[in-house]
file upload_32.csv (CSV, C-alpha atoms)
chain,number,residue,atom,x,y,z
A,1491,MET,CA,214.6,283.0,0.1
A,1492,SER,CA,213.4,283.1,-3.5
A,1493,GLU,CA,217.0,283.5,-4.8
A,1494,LEU,CA,217.8,280.2,-3.2
A,1495,LEU,CA,215.1,278.3,-5.1
A,1496,GLN,CA,216.8,278.1,-8.5
A,1497,LYS,CA,216.1,275.8,-11.4
A,1498,ILE,CA,216.9,272.2,-10.5
A,1499,SER,CA,218.4,270.0,-13.1
A,1500,HIS,CA,217.8,266.2,-13.4
A,1501,GLN,CA,221.5,265.6,-12.9
A,1502,ASP,CA,221.3,267.6,-9.6
A,1503,GLU,CA,218.5,265.2,-8.4
A,1504,ILE,CA,220.6,262.2,-9.3
A,1505,TRP,CA,223.6,263.4,-7.3
A,1506,MET,CA,221.4,264.4,-4.3
A,1507,LEU,CA,219.7,261.0,-4.3
A,1508,GLN,CA,223.1,259.5,-4.0
A,1509,ALA,CA,223.9,261.8,-1.1
A,1510,ILE,CA,220.6,260.7,0.5
A,1511,GLU,CA,221.5,257.0,0.2
A,1512,LEU,CA,224.8,257.8,1.8
A,1513,ALA,CA,223.0,259.5,4.7
A,1514,ARG,CA,220.9,256.5,5.2
A,1515,LEU,CA,224.0,254.5,6.1
A,1516,GLY,CA,224.1,256.3,9.5
A,1517,GLN,CA,220.4,255.9,10.3
A,1518,TYR,CA,221.0,253.5,13.2
A,1519,SER,CA,224.1,255.1,14.7
A,1520,THR,CA,224.0,258.9,14.5
A,1521,LYS,CA,221.4,259.6,17.3
A,1522,PRO,CA,220.9,262.2,18.5
A,1523,ASN,CA,222.6,263.8,15.5
A,1524,PRO,CA,220.7,263.9,12.1
A,1525,ASN,CA,221.5,261.7,9.2
A,1526,VAL,CA,223.5,263.6,6.6
A,1527,GLY,CA,225.2,262.6,3.3
A,1528,CYS,CA,227.4,264.6,1.0
A,1529,VAL,CA,228.9,264.1,-2.5
A,1530,ILE,CA,231.3,266.4,-4.2
A,1531,VAL,CA,231.2,266.6,-8.0
A,1532,LYS,CA,233.7,268.2,-10.4
A,1533,ASN,CA,233.4,268.3,-14.2
A,1534,GLU,CA,230.4,265.9,-13.8
A,1535,GLN,CA,232.6,263.3,-12.0
A,1536,LEU,CA,232.3,262.2,-8.4
A,1537,VAL,CA,235.4,263.2,-6.6
A,1538,GLY,CA,234.4,262.8,-2.9
A,1539,GLU,CA,231.6,261.3,-0.8
A,1540,GLY,CA,230.8,260.8,2.9
A,1541,PHE,CA,228.1,260.4,5.5
A,1542,HIS,CA,227.9,261.2,9.2
A,1543,PRO,CA,228.4,257.9,11.1
A,1544,LYS,CA,228.1,258.8,14.7
A,1545,ALA,CA,227.8,261.8,17.1
A,1546,GLY,CA,231.2,263.2,17.9
A,1547,GLN,CA,232.7,262.0,14.6
A,1548,PRO,CA,233.3,264.2,11.6
A,1549,HIS,CA,230.3,265.3,9.6
A,1550,ALA,CA,229.5,264.1,6.1
A,1551,GLU,CA,231.0,267.2,4.4
A,1552,VAL,CA,234.4,266.5,6.1
A,1553,PHE,CA,234.6,262.9,4.9
A,1554,ALA,CA,233.7,264.0,1.4
A,1555,MET,CA,236.2,266.9,1.3
A,1556,ARG,CA,239.0,264.6,2.7
A,1557,GLN,CA,238.3,262.1,-0.2
A,1558,ALA,CA,238.2,264.9,-2.8
A,1559,GLY,CA,241.3,266.6,-1.5
A,1560,ARG,CA,242.5,269.4,-3.9
A,1561,LEU,CA,239.7,268.4,-6.3
A,1562,SER,CA,237.3,270.2,-4.0
A,1563,GLU,CA,238.5,273.5,-5.4
A,1564,GLY,CA,236.0,274.7,-8.0
A,1565,ALA,CA,233.6,271.7,-7.3
A,1566,THR,CA,230.0,271.4,-6.4
A,1567,ALA,CA,228.9,269.9,-3.1
A,1568,TYR,CA,225.5,268.2,-2.7
A,1569,VAL,CA,224.5,268.1,1.0
A,1570,THR,CA,221.2,266.6,2.4
A,1571,LEU,CA,221.0,269.1,5.3
A,1572,GLU,CA,222.2,272.7,5.5
A,1573,PRO,CA,225.9,272.7,6.5
A,1574,CYS,CA,226.3,273.5,10.2
A,1575,ALA,CA,227.5,276.9,11.2
A,1576,HIS,CA,228.6,276.5,14.8
A,1577,TYR,CA,231.4,274.9,16.8
A,1578,GLY,CA,230.3,271.8,18.7
A,1579,ARG,CA,232.3,268.7,19.0
A,1580,THR,CA,233.3,269.4,15.4
A,1581,PRO,CA,234.1,272.7,13.6
A,1582,PRO,CA,231.4,274.3,11.3
A,1583,CYS,CA,231.1,272.5,8.0
A,1584,ALA,CA,230.0,275.7,6.2
A,1585,LYS,CA,233.5,277.3,6.9
A,1586,GLY,CA,235.2,274.1,5.8
A,1587,LEU,CA,233.4,274.2,2.4
A,1588,VAL,CA,234.5,277.8,2.0
A,1589,GLU,CA,238.1,276.9,2.9
A,1590,ALA,CA,238.2,273.9,0.5
A,1591,GLY,CA,237.3,276.2,-2.4
A,1592,ILE,CA,233.9,274.8,-3.2
A,1593,THR,CA,232.1,277.1,-5.6
A,1594,LYS,CA,228.6,275.8,-5.5
A,1595,VAL,CA,226.6,274.1,-2.8
A,1596,ILE,CA,223.2,272.4,-3.4
A,1597,VAL,CA,221.2,271.7,-0.2
A,1598,ALA,CA,218.2,269.4,0.2
A,1599,CYS,CA,216.8,270.6,3.5
A,1600,PRO,CA,217.3,273.8,5.5
A,1601,ASP,CA,218.2,273.1,9.1
A,1602,PRO,CA,215.7,274.6,11.7
A,1603,ASN,CA,218.3,274.1,14.5
A,1604,PRO,CA,218.7,277.6,16.1
A,1605,PHE,CA,222.4,277.1,16.0
A,1606,VAL,CA,222.2,276.8,12.2
A,1607,ALA,CA,218.8,278.0,10.8
A,1608,GLY,CA,220.1,279.8,7.7
A,1609,LYS,CA,223.5,280.7,9.2
A,1610,GLY,CA,225.3,278.0,7.3
A,1611,ILE,CA,223.8,279.1,4.0
A,1612,GLN,CA,224.6,282.8,4.9
A,1613,ILE,CA,228.3,281.9,5.5
A,1614,LEU,CA,228.5,280.2,2.1
A,1615,ARG,CA,226.7,283.1,0.3
A,1616,ASP,CA,228.9,285.7,2.0
A,1617,ALA,CA,231.9,283.8,0.6
A,1618,GLY,CA,230.5,284.1,-2.9
A,1619,ILE,CA,229.4,280.5,-3.2
A,1620,GLU,CA,226.4,279.8,-5.4
A,1621,ILE,CA,223.5,278.2,-3.4
A,1622,VAL,CA,220.6,276.1,-4.4
A,1623,VAL,CA,218.1,274.9,-1.8
A,1624,GLY,CA,215.3,272.3,-2.1
A,1625,VAL,CA,216.7,269.6,-4.3
A,1626,CYS,CA,214.9,266.3,-3.3
A,1627,GLU,CA,213.8,268.0,-0.1
A,1628,THR,CA,210.9,265.6,0.5
A,1629,GLN,CA,213.1,262.6,0.3
A,1630,ALA,CA,215.8,264.2,2.5
A,1631,HIS,CA,213.2,265.3,5.0
A,1632,THR,CA,212.0,261.7,5.7
A,1633,LEU,CA,215.6,260.9,6.8
A,1634,ASN,CA,215.3,263.3,9.8
A,1635,GLU,CA,211.7,263.7,10.6
A,1636,GLY,CA,212.3,263.6,14.3
A,1637,PHE,CA,215.3,265.9,14.3
A,1638,LEU,CA,213.6,268.5,12.0
A,1639,LYS,CA,210.3,268.4,14.0
A,1640,ALA,CA,212.1,268.7,17.4
A,1641,MET,CA,214.2,271.6,16.2
A,1642,ALA,CA,211.2,273.5,15.0
A,1643,THR,CA,208.6,272.6,17.7
A,1644,LYS,CA,210.5,271.2,20.7
A,1645,LYS,CA,208.4,268.0,20.4
A,1646,PRO,CA,209.6,264.6,19.0
A,1647,TYR,CA,208.2,262.8,16.0
A,1648,VAL,CA,205.9,260.1,17.5
A,1649,ARG,CA,205.2,256.8,15.7
A,1650,LEU,CA,202.5,254.5,17.1
A,1651,LYS,CA,203.1,250.8,16.3
A,1652,ILE,CA,200.2,248.4,16.3
A,1653,ALA,CA,200.0,244.7,15.4
A,1654,SER,CA,196.4,243.5,14.9
A,1655,SER,CA,194.2,240.9,13.4
A,1656,LEU,CA,191.8,241.5,10.5
A,1657,ASP,CA,189.1,242.2,13.1
A,1658,GLY,CA,191.2,244.9,14.8
A,1659,ARG,CA,192.3,242.8,17.9
A,1660,THR,CA,195.7,243.0,19.4
A,1661,ALA,CA,195.6,240.3,22.1
A,1662,MET,CA,193.4,237.6,23.5
A,1663,ALA,CA,191.2,238.4,26.5
A,1664,SER,CA,193.9,236.9,28.7
A,1665,GLY,CA,196.4,239.3,27.4
A,1666,GLU,CA,198.2,236.7,25.3
A,1667,SER,CA,199.5,238.3,22.1
A,1668,LYS,CA,202.5,236.1,20.9
A,1669,TRP,CA,202.3,236.1,18.0
A,1670,ILE,CA,199.7,237.8,15.9
A,1671,THR,CA,202.1,238.8,13.1
A,1672,GLY,CA,204.8,236.7,11.4
A,1673,THR,CA,208.6,236.8,11.7
A,1674,ASP,CA,209.0,239.2,8.8
A,1675,ALA,CA,206.8,241.8,10.4
A,1676,ARG,CA,208.5,241.4,13.7
A,1677,LEU,CA,211.9,241.9,12.0
A,1678,ASP,CA,210.5,245.0,10.3
A,1679,VAL,CA,209.6,246.5,13.7
A,1680,GLN,CA,213.2,246.3,14.7
A,1681,HIS,CA,214.0,248.9,12.0
A,1682,TRP,CA,211.5,251.4,13.5
A,1683,ARG,CA,212.9,250.8,17.0
A,1684,ALA,CA,216.4,251.3,15.8
A,1685,ILE,CA,215.7,254.7,14.3
A,1686,SER,CA,213.9,255.8,17.5
A,1687,GLY,CA,215.5,257.6,20.4
A,1688,ALA,CA,213.0,256.0,22.8
A,1689,VAL,CA,210.3,253.3,22.9
A,1690,ILE,CA,207.4,254.2,25.2
A,1691,THR,CA,205.2,251.4,26.8
A,1692,GLY,CA,202.9,251.0,29.7
A,1693,ILE,CA,203.3,248.8,32.7
A,1694,GLU,CA,200.4,246.5,31.5
A,1695,THR,CA,202.4,245.5,28.4
A,1696,VAL,CA,205.5,244.9,30.5
A,1697,LEU,CA,203.6,242.7,33.0
A,1698,ALA,CA,201.8,240.8,30.2
A,1699,ASP,CA,204.7,240.2,27.8
A,1700,ASP,CA,207.9,240.7,29.9
A,1701,CYS,CA,209.2,242.5,26.9
A,1702,GLN,CA,212.6,244.0,26.3
A,1703,LEU,CA,211.7,246.5,23.5
A,1704,ASN,CA,215.3,246.7,22.4
A,1705,VAL,CA,217.0,246.2,19.0
A,1706,ARG,CA,218.2,242.6,18.7
A,1707,GLN,CA,218.4,242.0,14.9
A,1708,LEU,CA,218.4,244.2,11.8
A,1709,SER,CA,218.4,243.3,8.2
A,1710,GLY,CA,221.7,244.1,6.7
A,1711,VAL,CA,223.4,244.9,10.0
A,1712,GLU,CA,225.9,242.2,11.2
A,1713,ASP,CA,227.2,244.0,14.3
A,1714,ILE,CA,224.2,245.0,16.4
A,1715,SER,CA,226.6,246.9,18.8
A,1716,THR,CA,226.9,249.6,16.2
A,1717,VAL,CA,223.3,250.5,16.8
A,1718,VAL,CA,222.4,253.2,19.3
A,1719,GLN,CA,219.8,251.5,21.4
A,1720,PRO,CA,216.6,253.4,22.1
A,1721,LYS,CA,215.8,254.3,25.7
A,1722,ARG,CA,212.9,252.2,27.1
A,1723,ILE,CA,210.3,254.4,28.9
A,1724,ILE,CA,207.8,252.7,31.1
A,1725,LEU,CA,204.7,254.5,32.3
A,1726,ASP,CA,204.1,253.0,35.7
A,1727,ARG,CA,201.9,255.3,37.8
A,1728,GLN,CA,201.3,252.8,40.6
A,1729,GLY,CA,204.9,251.5,40.9
A,1730,ARG,CA,204.2,247.9,39.9
A,1731,LEU,CA,207.4,247.3,37.7
A,1732,PRO,CA,209.0,244.0,39.0
A,1733,LEU,CA,212.7,244.3,39.6
A,1734,THR,CA,213.1,240.9,37.8
A,1735,ALA,CA,211.6,242.3,34.5
A,1736,LYS,CA,213.7,241.5,31.4
A,1737,ILE,CA,213.5,245.1,30.4
A,1738,LEU,CA,215.7,246.0,33.4
A,1739,LYS,CA,218.6,243.8,32.1
A,1740,ILE,CA,220.3,247.1,31.1
A,1741,PRO,CA,218.8,249.5,33.6
A,1742,SER,CA,220.8,252.5,32.5
A,1743,ASP,CA,218.7,252.5,29.2
A,1744,VAL,CA,215.4,252.5,31.1
A,1745,LEU,CA,213.4,255.5,32.3
A,1746,VAL,CA,210.3,254.9,34.5
A,1747,MET,CA,207.6,257.5,35.0
A,1748,GLY,CA,205.9,256.8,38.3
A,1749,PRO,CA,206.3,257.2,42.1
A,1750,TYR,CA,209.9,257.3,43.3
A,1751,ARG,CA,211.3,253.9,44.2
A,1752,PRO,CA,214.8,253.7,45.9
A,1753,GLU,CA,215.2,250.2,44.6
A,1754,LEU,CA,215.0,251.4,41.0
A,1755,GLU,CA,217.6,254.1,41.8
A,1756,ALA,CA,219.9,251.4,43.2
A,1757,LEU,CA,219.7,249.6,40.0
A,1758,GLY,CA,220.6,252.7,38.0
A,1759,VAL,CA,217.2,253.3,36.5
A,1760,GLN,CA,216.3,256.9,35.7
A,1761,GLN,CA,213.0,257.9,37.3
A,1762,LEU,CA,210.7,260.6,36.0
A,1763,ALA,CA,208.0,262.5,37.9
A,1764,ILE,CA,204.4,261.7,36.9
A,1765,GLN,CA,203.5,264.2,34.2
A,1766,SER,CA,201.2,264.6,31.2
A,1767,LEU,CA,202.0,262.8,28.0
A,1768,SER,CA,202.6,266.1,26.2
A,1769,GLN,CA,205.0,267.3,28.9
A,1770,LEU,CA,206.8,264.0,28.8
A,1771,LEU,CA,207.4,264.4,25.1
A,1772,THR,CA,208.7,267.9,25.6
A,1773,ASN,CA,211.1,266.8,28.3
A,1774,LEU,CA,212.4,264.0,26.2
A,1775,VAL,CA,213.6,266.6,23.6
A,1776,GLN,CA,214.9,269.1,26.1
A,1777,ASP,CA,216.5,266.8,28.7
A,1778,TYR,CA,217.5,263.7,26.7
A,1779,GLN,CA,217.9,264.9,23.0
A,1780,ILE,CA,215.3,262.3,22.0
A,1781,TYR,CA,213.7,263.3,18.7
A,1782,ASP,CA,212.0,260.1,17.5
A,1783,VAL,CA,209.6,258.2,19.8
A,1784,MET,CA,207.9,254.9,19.1
A,1785,ILE,CA,204.9,253.8,21.1
A,1786,GLU,CA,204.5,250.1,21.7
A,1787,ALA,CA,201.7,249.7,24.2
A,1788,GLY,CA,198.3,248.4,24.8
A,1789,ALA,CA,195.0,250.0,23.8
A,1790,THR,CA,194.7,252.4,26.8
A,1791,LEU,CA,198.0,254.1,26.4
A,1792,SER,CA,197.8,254.1,22.6
A,1793,THR,CA,194.4,255.6,22.7
A,1794,ALA,CA,195.6,258.3,25.1
A,1795,PHE,CA,198.3,259.4,22.7
A,1796,LEU,CA,195.9,259.4,19.8
A,1797,GLN,CA,193.1,261.4,21.6
A,1798,GLU,CA,195.7,264.0,22.7
A,1799,ASN,CA,196.8,264.4,19.1
A,1800,LEU,CA,200.3,263.5,19.9
A,1801,VAL,CA,200.8,260.8,17.2
A,1802,ASP,CA,202.5,261.9,13.9
A,1803,GLU,CA,202.4,258.5,12.3
A,1804,ILE,CA,200.7,255.1,12.8
A,1805,ILE,CA,202.6,252.0,11.7
A,1806,SER,CA,200.0,249.2,11.6
A,1807,TYR,CA,200.8,245.6,10.9
A,1808,VAL,CA,197.7,243.6,10.0
A,1809,ALA,CA,197.8,239.8,10.1
A,1810,PRO,CA,195.5,237.6,8.0
A,1811,THR,CA,193.7,236.2,11.0
A,1812,PHE,CA,190.6,236.7,13.1
A,1813,LEU,CA,190.8,236.7,16.9
A,1814,GLY,CA,187.1,237.0,17.8
A,1815,GLN,CA,185.0,239.5,19.6
A,1816,SER,CA,186.3,238.7,23.1
A,1817,ALA,CA,189.9,239.5,22.2
A,1818,ARG,CA,191.2,242.9,23.1
A,1819,ALA,CA,190.6,245.8,20.7
A,1820,MET,CA,193.4,248.1,19.4
A,1821,PHE,CA,191.5,251.2,20.5
A,1822,ASN,CA,189.3,251.7,23.5
A,1823,ALA,CA,187.8,255.1,23.3
A,1824,GLU,CA,184.0,255.4,23.1
A,1825,PHE,CA,182.7,257.7,20.4
A,1826,ILE,CA,179.0,258.6,20.1
A,1827,ARG,CA,179.0,260.8,17.0
A,1828,MET,CA,180.8,260.4,13.6
A,1829,THR,CA,182.3,263.9,14.2
A,1830,GLU,CA,184.4,262.4,17.0
A,1831,GLN,CA,186.2,260.0,14.8
A,1832,LEU,CA,190.0,260.3,14.3
A,1833,ARG,CA,190.8,260.2,10.6
A,1834,PHE,CA,194.1,259.3,9.0
A,1835,LYS,CA,195.5,259.4,5.5
A,1836,LEU,CA,197.3,256.4,4.1
A,1837,ILE,CA,200.8,257.1,3.0
A,1838,ASP,CA,202.2,253.6,2.3
A,1839,VAL,CA,201.0,250.0,2.0
A,1840,THR,CA,203.6,247.2,2.0
A,1841,GLN,CA,203.3,243.5,2.2
A,1842,VAL,CA,205.7,242.2,4.8
A,1843,GLY,CA,205.8,238.4,4.7
A,1844,GLU,CA,202.2,237.2,5.1
A,1845,ASP,CA,201.2,240.5,6.8
A,1846,VAL,CA,200.4,243.9,5.5
A,1847,ARG,CA,202.1,247.1,6.9
A,1848,LEU,CA,200.0,250.3,6.7
A,1849,ARG,CA,201.6,253.7,7.4
A,1850,LEU,CA,199.2,256.5,8.1
A,1851,LYS,CA,199.4,260.1,9.2
A,1852,PRO,CA,196.7,262.3,10.8
A,1853,SER,CA,194.3,263.7,8.3
A,1854,GLN,CA,193.4,267.4,8.3
A,1855,GLU,CA,190.0,266.6,6.9
A,1856,THR,CA,186.9,267.2,9.0
A,1857,VAL,CA,183.8,265.0,9.0
call {"tool": "encode", "arguments": {"input": "upload_32.csv", "output": "structure tokens"}}
result
Amino acid sequence: MSELLQKISHQDEIWMLQAIELARLGQYSTKPNPNVGCVIVKNEQLVGEGFHPKAGQPHAEVFAMRQAGRLSEGATAYVTLEPCAHYGRTPPCAKGLVEAGITKVIVACPDPNPFVAGKGIQILRDAGIEIVVGVCETQAHTLNEGFLKAMATKKPYVRLKIASSLDGRTAMASGESKWITGTDARLDVQHWRAISGAVITGIETVLADDCQLNVRQLSGVEDISTVVQPKRIILDRQGRLPLTAKILKIPSDVLVMGPYRPELEALGVQQLAIQSLSQLLTNLVQDYQIYDVMIEAGATLSTAFLQENLVDEIISYVAPTFLGQSARAMFNAEFIRMTEQLRFKLIDVTQVGEDVRLRLKPSQETV
């Protein structure tokens, strides 16, 4: 692998960052495929570029090679993810790069998908193509955190979304929670839903808010129909979901984990057997190709995911308000000792309208 990690020039980083921005254009539409961008450069000039727009359509390298045409011969390709090596709905891009006469390929991220996993790089190397791996790898990795984790571990990347007051409350004692945060924060949540393959919630949230948990508006996206909507997964162990719930407007996009109900089957709702949260996540990857999951739920379900160490990232919106001690807390576990606390590291702080968005990941530090 050391031979792949060659010296990276500043110009290489510039071209790769351009490929990453191209890949981002498909972030709402490529599921379950990863986001990939490609630029082709010859004599320090851009001659072709492309991104993968949707599963079943050509990959980024194909669009870039089509644009470059004969200029691909002797050129360098910058690709955000290792070129595929297998025949799926599209032919392998690694072979396409060879046939186009590309002489150097620079890759941001290796692909842990067992169908690829070094095979794409090997095809290129066997053809005498110079390979460099790891240019802007961190930036490229963030584009496909769910895909890369699922391919490597068979578990999806799990984001837990919380909206709370300054005193850590998420709803009034009655369950009323509209609205703690402002419109800008609620629009920001739409982005995280849109990059998710599924949104998981509990029956209490559905009963309290009659929520839909779909993507209805995105900044910079005029045609919302281009967005691959996330599955909505409801954990309903006692079978209390009303058939009139708004979340059932498009029943084919809903999965319910709970006792079997023939009336849900008649609507077209997919039903899941009651299982552990860990097994549920594994099944989402294996059976539904869902690699990014967002939790939008009350304290009980959110706490369960946290205590089972199933959360990869917390997205916490904090509003400049106090709701008081009788309001519902965001977390309902009872700890006795400091050693029981769950610690996180802050990776980003952003003001969103009048609210603040914190992004945190589990800390490896011990108390």
call {"tool": "residues_around", "arguments": {"input": "upload_32.csv", "residues": "range 1517-1520 of chain A", "least_positions_apart": "4", "cutoff": "7 Å", "atoms": "all atoms listed in the file", "output": "list in words"}}
result
Pro1524, Asn1525, His1542, Pro1543, Lys1544, Ala1545, Ala1684, Ile1685, Thr1716, Val1717 and Val1718 of chain A
call {"tool": "residues_around", "arguments": {"input": "upload_32.csv", "residues": "Val1531 in chain A", "least_positions_apart": "4", "cutoff": "9 Å", "atoms": "all atoms listed in the file", "output": "ChimeraX atom specification"}}
result
/A:1505,1535-1539,1558,1561-1562,1565-1568
call {"tool": "write_last_selection", "arguments": {"input": "upload_32.csv", "atoms": "C-alpha atoms", "output": "mmCIF file, keeping the file's coordinate frame"}}
result
data_model
loop_
_atom_site.group_PDB
_atom_site.id
_atom_site.type_symbol
_atom_site.label_atom_id
_atom_site.label_comp_id
_atom_site.auth_asym_id
_atom_site.auth_seq_id
_atom_site.Cartn_x
_atom_site.Cartn_y
_atom_site.Cartn_z
ATOM 1 C CA TRP A 1505 223.600 263.400 -7.300
ATOM 2 C CA GLN A 1535 232.600 263.300 -12.000
ATOM 3 C CA LEU A 1536 232.300 262.200 -8.400
ATOM 4 C CA VAL A 1537 235.400 263.200 -6.600
ATOM 5 C CA GLY A 1538 234.400 262.800 -2.900
ATOM 6 C CA GLU A 1539 231.600 261.300 -0.800
ATOM 7 C CA ALA A 1558 238.200 264.900 -2.800
ATOM 8 C CA LEU A 1561 239.700 268.400 -6.300
ATOM 9 C CA SER A 1562 237.300 270.200 -4.000
ATOM 10 C CA ALA A 1565 233.600 271.700 -7.300
ATOM 11 C CA THR A 1566 230.000 271.400 -6.400
ATOM 12 C CA ALA A 1567 228.900 269.900 -3.100
ATOM 13 C CA TYR A 1568 225.500 268.200 -2.700
#
call {"tool": "closest_residue", "arguments": {"input": "upload_32.csv", "among": "A:Asp1674, A:Asp1713, A:Glu1534, A:Asp1657", "to": "Gly1814 in chain A", "atoms": "all atoms listed in the file"}}
result
A:Asp1657
call {"tool": "atom_distance", "arguments": {"input": "upload_32.csv", "atom1": "CA of Glu1620 in chain A", "atom2": "CA of Gln1557 in chain A"}}
result
22.0 Å
call {"tool": "closest_residue", "arguments": {"input": "upload_32.csv", "among": "A:Ser1816, A:Ser1766, A:Gln1779, A:Thr1829", "to": "Arg1659 in chain A", "atoms": "all atoms listed in the file"}}
result
A:Ser1816
call {"tool": "atom_distance", "arguments": {"input": "upload_32.csv", "atom1": "CA of Ala1809 in chain A", "atom2": "CA of Ser1654 in chain A"}}
result
6.2 Å
call {"tool": "closest_atom_pairs", "arguments": {"input": "upload_32.csv", "of": "range 1513-1566 of chain A", "to": "range 1629-1646 of chain A", "cutoff": "10 Å", "atoms": "all atoms listed in the file", "output": "Markdown table"}}
result
| residue | atom | partner | partner_atom | distance |
| --- | --- | --- | --- | --- |
| A:Ala1513 | CA | A:Leu1633 | CA | 7.8 |
| A:Arg1514 | CA | A:Leu1633 | CA | 7.1 |
| A:Gln1517 | CA | A:Leu1633 | CA | 7.8 |
| A:Lys1521 | CA | A:Phe1637 | CA | 9.3 |
| A:Pro1522 | CA | A:Phe1637 | CA | 7.9 |
| A:Asn1523 | CA | A:Phe1637 | CA | 7.7 |
| A:Pro1524 | CA | A:Asn1634 | CA | 5.9 |
| A:Asn1525 | CA | A:Leu1633 | CA | 6.4 |
| A:Val1526 | CA | A:Leu1633 | CA | 8.4 |
| A:Gly1527 | CA | A:Ala1630 | CA | 9.6 |
call {"tool": "residues_around", "arguments": {"input": "upload_32.csv", "residues": "Asp1802 in chain A", "least_positions_apart": "3", "cutoff": "7 Å", "atoms": "all atoms listed in the file", "output": "PyMOL selection string"}}
result
chain A and resi 1647-1649+1851-1852
call {"tool": "closest_residue", "arguments": {"input": "upload_32.csv", "among": "A:Ile1596, A:Leu1771, A:Val1529, A:Met1828", "to": "Gly1624 in chain A", "atoms": "only C-alpha atoms"}}
result
A:Ile1596
call {"tool": "residues_around", "arguments": {"input": "upload_32.csv", "residues": "range 1836-1842 of chain A", "least_positions_apart": "4", "cutoff": "10 Å", "atoms": "all atoms listed in the file", "output": "PyMOL selection string"}}
result
chain A and resi 1671-1678+1803-1809+1846-1853
call {"tool": "closest_residue", "arguments": {"input": "upload_32.csv", "among": "A:Gln1776, A:Asn1603, A:Thr1593, A:Ser1715", "to": "Gly1618 in chain A", "atoms": "all atoms listed in the file"}}
result
A:Thr1593
call {"tool": "closest_atom_pairs", "arguments": {"input": "upload_32.csv", "of": "range 1735-1839 of chain A", "to": "range 1699-1706 of chain A", "cutoff": "12 Å", "atoms": "only C-alpha atoms", "output": "CSV"}}
result
residue,atom,partner,partner_atom,distance
A:Ala1735,CA,A:Asp1700,CA,6.1
A:Lys1736,CA,A:Gln1702,CA,5.8
A:Ile1737,CA,A:Gln1702,CA,4.3
A:Leu1738,CA,A:Gln1702,CA,8.0
A:Lys1739,CA,A:Gln1702,CA,8.3
A:Ile1740,CA,A:Gln1702,CA,9.6
A:Pro1741,CA,A:Gln1702,CA,11.0
A:Asp1743,CA,A:Asn1704,CA,9.6
A:Val1744,CA,A:Gln1702,CA,10.2
A:Met1784,CA,A:Leu1703,CA,10.2
A:Ile1785,CA,A:Leu1703,CA,10.3
A:Glu1786,CA,A:Leu1703,CA,8.2
A:Ala1787,CA,A:Leu1703,CA,10.5
A:Gly1788,CA,A:Asp1699,CA,10.8
call {"tool": "closest_residue", "arguments": {"input": "upload_32.csv", "among": "A:Val1711, A:Ile1613, A:Asp1601, A:Leu1745", "to": "Pro1582 in chain A", "atoms": "all atoms listed in the file"}}
result
A:Ile1613
call {"tool": "closest_residue", "arguments": {"input": "upload_32.csv", "among": "A:Asp1845, A:Glu1551, A:Asp1726, A:Asp1777", "to": "Ile1690 in chain A", "atoms": "all atoms listed in the file"}}
result
A:Asp1726
call {"tool": "atom_distance", "arguments": {"input": "upload_32.csv", "atom1": "CA of Ala1789 in chain A", "atom2": "CA of Met1820 in chain A"}}
result
5.1 Å
call {"tool": "residues_near_point", "arguments": {"input": "upload_32.csv", "point": "(211.6, 256.1, 18.1)", "cutoff": "6 Å", "atoms": "all atoms listed in the file", "output": "list in words"}}
result
Arg1683, Ile1685, Ser1686, Gly1687, Ala1688, Val1689, Asp1782, Val1783 and Met1784 of chain A
call {"tool": "build_atoms", "arguments": {"input": "upload_32.csv", "residues": "range 1515-1524 of chain A", "atoms": "N, CA and C atoms", "output": "PDB file, keeping the file's coordinate frame"}}
result
ATOM      1  N   LEU A1515     223.078 255.426   5.519  1.00  0.00           N
ATOM      2  CA  LEU A1515     224.000 254.500   6.100  1.00  0.00           C
ATOM      3  C   LEU A1515     224.222 254.757   7.613  1.00  0.00           C
ATOM      4  N   GLY A1516     223.901 255.961   8.046  1.00  0.00           N
ATOM      5  CA  GLY A1516     224.100 256.300   9.500  1.00  0.00           C
ATOM      6  C   GLY A1516     222.775 256.279  10.254  1.00  0.00           C
ATOM      7  N   GLN A1517     221.694 255.755   9.669  1.00  0.00           N
ATOM      8  CA  GLN A1517     220.400 255.900  10.300  1.00  0.00           C
ATOM      9  C   GLN A1517     220.262 255.209  11.658  1.00  0.00           C
ATOM     10  N   TYR A1518     221.091 254.202  11.917  1.00  0.00           N
ATOM     11  CA  TYR A1518     221.000 253.500  13.200  1.00  0.00           C
ATOM     12  C   TYR A1518     222.057 253.936  14.209  1.00  0.00           C
ATOM     13  N   SER A1519     222.965 254.791  13.788  1.00  0.00           N
ATOM     14  CA  SER A1519     224.100 255.100  14.700  1.00  0.00           C
ATOM     15  C   SER A1519     224.348 256.550  14.968  1.00  0.00           C
ATOM     16  N   THR A1520     223.639 257.461  14.319  1.00  0.00           N
ATOM     17  CA  THR A1520     224.000 258.900  14.500  1.00  0.00           C
ATOM     18  C   THR A1520     223.245 259.560  15.655  1.00  0.00           C
ATOM     19  N   LYS A1521     222.229 258.942  16.212  1.00  0.00           N
ATOM     20  CA  LYS A1521     221.400 259.600  17.300  1.00  0.00           C
ATOM     21  C   LYS A1521     222.332 260.168  18.365  1.00  0.00           C
ATOM     22  N   PRO A1522     222.049 261.385  18.848  1.00  0.00           N
ATOM     23  CA  PRO A1522     220.900 262.200  18.500  1.00  0.00           C
ATOM     24  C   PRO A1522     221.155 263.155  17.289  1.00  0.00           C
ATOM     25  N   ASN A1523     222.279 263.011  16.630  1.00  0.00           N
ATOM     26  CA  ASN A1523     222.600 263.800  15.500  1.00  0.00           C
ATOM     27  C   ASN A1523     221.715 263.391  14.263  1.00  0.00           C
ATOM     28  N   PRO A1524     221.466 264.290  13.324  1.00  0.00           N
ATOM     29  CA  PRO A1524     220.700 263.900  12.100  1.00  0.00           C
ATOM     30  C   PRO A1524     221.540 263.077  11.163  1.00  0.00           C
TER      31      PRO A1524
END
